[in-house]
Structure formats: C-alpha cells, structure tokens
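Novice: The structure is given below, and queries will be raised subsequently.
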Amino acid sequence: MDIVNTQLASILHALQQFQLTSWKMVGYTGTLLFTSRWFVQLYYTRKYKRVVMPLAFWWLSVFGSALLLAYFVLGKNDSVGILSNFFPVFVSVYNLVVHLRHRRNSITGDATA
C-alpha cells in the first residue's frame with residue numbers, strides 16, 4: 001500500500017507543478033486533431049448508415065500525427081512517442097493521396113489511374 005501512496009503523491013506533485021509550454025500546446029493540438037478524427041468518422045458512419053472514412057478523417061490524421069511527431073521529436077525527445085507516431089504519419093499521407101486520387105478519378109471518369 002505504501003507503493004500506491006508514493007505513486008499517488010508523485011502524480012499529485014507532477015500535476016501541481018504543471019506548466020503549459022508552447023511545445024505542450026503543439027502536443028495537445030495534435031492529440032485533439034488525432035482524436036477528433038474518430039468523431040468525424042462516427043458522424044459520417046451514422047449519417048450514411050455504413051462505415052465511411054471521409055476525407056476529413058485523413059486530413060485530421062495527417063495533421064494530428066505530424067503535430068504529435070513534432071512534439072515528441074523536437075519538444076520532448078521521447079523515443080516511445082516518436083515510434084508510436086512515426087508510422088501513422090506515413091500511413092495517413094498515403095491514404096490521403098489514395099483518397100484524393102480516387103476522388104479525382106471518379107470525377108473525371110478515369111478508371112485506369
């Protein structure tokens with residue numbers, strides 16, 4: 001039980017010493033964008049009554065991942081955060097490009113590209 005009290009005291013101390021920095025704002029903004037993409041996806045899925053990944057989902061993924069990666073690389077230098085956000089940036093950019101290409105081809109009627 002002493003370990004729990006020690007950990008709780010450590011957490012409370014850290015919360016009391018909290019300082020909002022510009023890099024934390026970058027990290028919080030990235031978290032907000034990356035998380036909000038699921039609410040956008042939920043909205044469109046409920047609207048169309050089928051699973052939908054709208055364009056906004058991919059934009060939020062790209063910007064959220066990029067901001068989180070910047071926070072962990074430049075602001076915090078945290079290898080866990082870097083590794084957990086490095087791959088999603090590329091996947092999100094790839095999916096955004098595929099989505100935009102498909103949309104363009106649907107408009108122009110070009111099924112070969």
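Within each chain, counting starts at residue 1; across the structure tokens, chains are named A, B, ... in the order shown, with ligands numbered 1 upward in that order.
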Any idea what's packed within 7 Å of segment 63-66 of chain A, counting only C-alpha atoms, ignoring anything in its chain fewer than 4 positions away? Could you give it as an mmCIF file with C-alpha atoms, in the first residue's frame?
Specialist:
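Now in result27.cif:
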```cif
data_model
loop_
_atom_site.group_PDB
_atom_site.id
_atom_site.type_symbol
_atom_site.label_atom_id
_atom_site.label_comp_id
_atom_site.auth_asym_id
_atom_site.auth_seq_id
_atom_site.Cartn_x
_atom_site.Cartn_y
_atom_site.Cartn_z
ATOM 1 C CA GLY A 30 -2.036 17.152 -32.210
ATOM 2 C CA THR A 31 -3.862 14.965 -29.709
ATOM 3 C CA LEU A 33 -6.850 16.610 -34.020
ATOM 4 C CA PHE A 34 -5.871 12.942 -33.984
ATOM 5 C CA TRP A 59 -6.654 15.348 -43.050
ATOM 6 C CA ALA A 70 6.934 17.205 -33.962
ATOM 7 C CA ASN A 85 3.630 8.491 -34.225
ATOM 8 C CA PRO A 88 0.850 6.768 -38.675
ATOM 9 C CA VAL A 89 2.110 9.929 -40.412
#
```
Novice: Which one is closest to His99 of chain A: A:Leu12, A:Val52, A:Val73, A:Leu68? Count only C-alpha atoms.
Specialist: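 Smallest distance to His99 of chain A is found for A:Val52.
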Novice: Please indicate the distance in Å from atom CA of Ser79 of chain A to atom CA of Gly27 of chain A, rounded to one decimal place.
Specialist: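 Computing it gives 14.7 Å between the two atoms.
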Novice: If I take atom CA of Lys47 of chain A and atom CA of Val62 of chain A, how far is one from the other in Å, to one decimal?
Specialist: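 Value for the atom CA of Lys47 of chain A-atom CA of Val62 of chain A distance: 23.5 Å.
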Novice: Excluding Tyr71 of chain A and residues on its chain fewer than 6 positions from it, collect all residues at most 10 Å away from it, counting only C-alpha atoms, and give them as an NGL selection string.
Specialist: :A and (22-30 or 65 or 77-78 or 81-82)
Novice: From the DSSP assignment of the backbone, select every residue of chain A that is alpha helix (DSSP H), and format the answer as a PyMOL selection string.
Specialist: chain A and resi 2-16+22-48+55-70+79-108
Novice: Which neighbours of Leu55 of chain A fall inside 12 Å, counting only C-alpha atoms, when residues of the same chain fewer than 4 positions from it are skipped, and could you give them as a list of chain:residue names?
Specialist: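 The filter keeps A:Arg37, A:Val40, A:Gln41, A:Tyr44, A:Trp59, A:Leu60, A:Ser61, A:Val62, A:Ser92, A:Val93, A:Asn95, A:Leu96, A:Val97, A:Val98, A:His99, A:Leu100, A:Arg101, A:His102, A:Arg103.
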Novice: Output C-alpha atoms of each residue in that selection to a file, as a PDB file, in the first residue's frame.
Specialist:
```pdb
ATOM      1  CA  ARG A  37     -10.925  12.172 -36.459  1.00  0.00           C
ATOM      2  CA  VAL A  40     -15.807  12.721 -37.661  1.00  0.00           C
ATOM      3  CA  GLN A  41     -15.774   9.085 -38.781  1.00  0.00           C
ATOM      4  CA  TYR A  44     -20.379  10.066 -41.235  1.00  0.00           C
ATOM      5  CA  TRP A  59      -6.654  15.348 -43.050  1.00  0.00           C
ATOM      6  CA  LEU A  60      -7.111  15.183 -39.277  1.00  0.00           C
ATOM      7  CA  SER A  61      -4.913  12.065 -39.195  1.00  0.00           C
ATOM      8  CA  VAL A  62      -2.122  13.749 -41.175  1.00  0.00           C
ATOM      9  CA  SER A  92      -2.219   8.780 -43.185  1.00  0.00           C
ATOM     10  CA  VAL A  93      -0.449  10.634 -46.005  1.00  0.00           C
ATOM     11  CA  ASN A  95      -4.348   7.062 -47.523  1.00  0.00           C
ATOM     12  CA  LEU A  96      -4.999  10.755 -48.138  1.00  0.00           C
ATOM     13  CA  VAL A  97      -3.250  10.554 -51.522  1.00  0.00           C
ATOM     14  CA  VAL A  98      -5.202   7.405 -52.448  1.00  0.00           C
ATOM     15  CA  HIS A  99      -8.465   9.036 -51.363  1.00  0.00           C
ATOM     16  CA  LEU A 100      -7.771  12.212 -53.379  1.00  0.00           C
ATOM     17  CA  ARG A 101      -6.673  10.186 -56.426  1.00  0.00           C
ATOM     18  CA  HIS A 102      -9.826   8.049 -56.250  1.00  0.00           C
ATOM     19  CA  ARG A 103     -11.991  11.131 -55.895  1.00  0.00           C
TER      20      ARG A 103
END
```
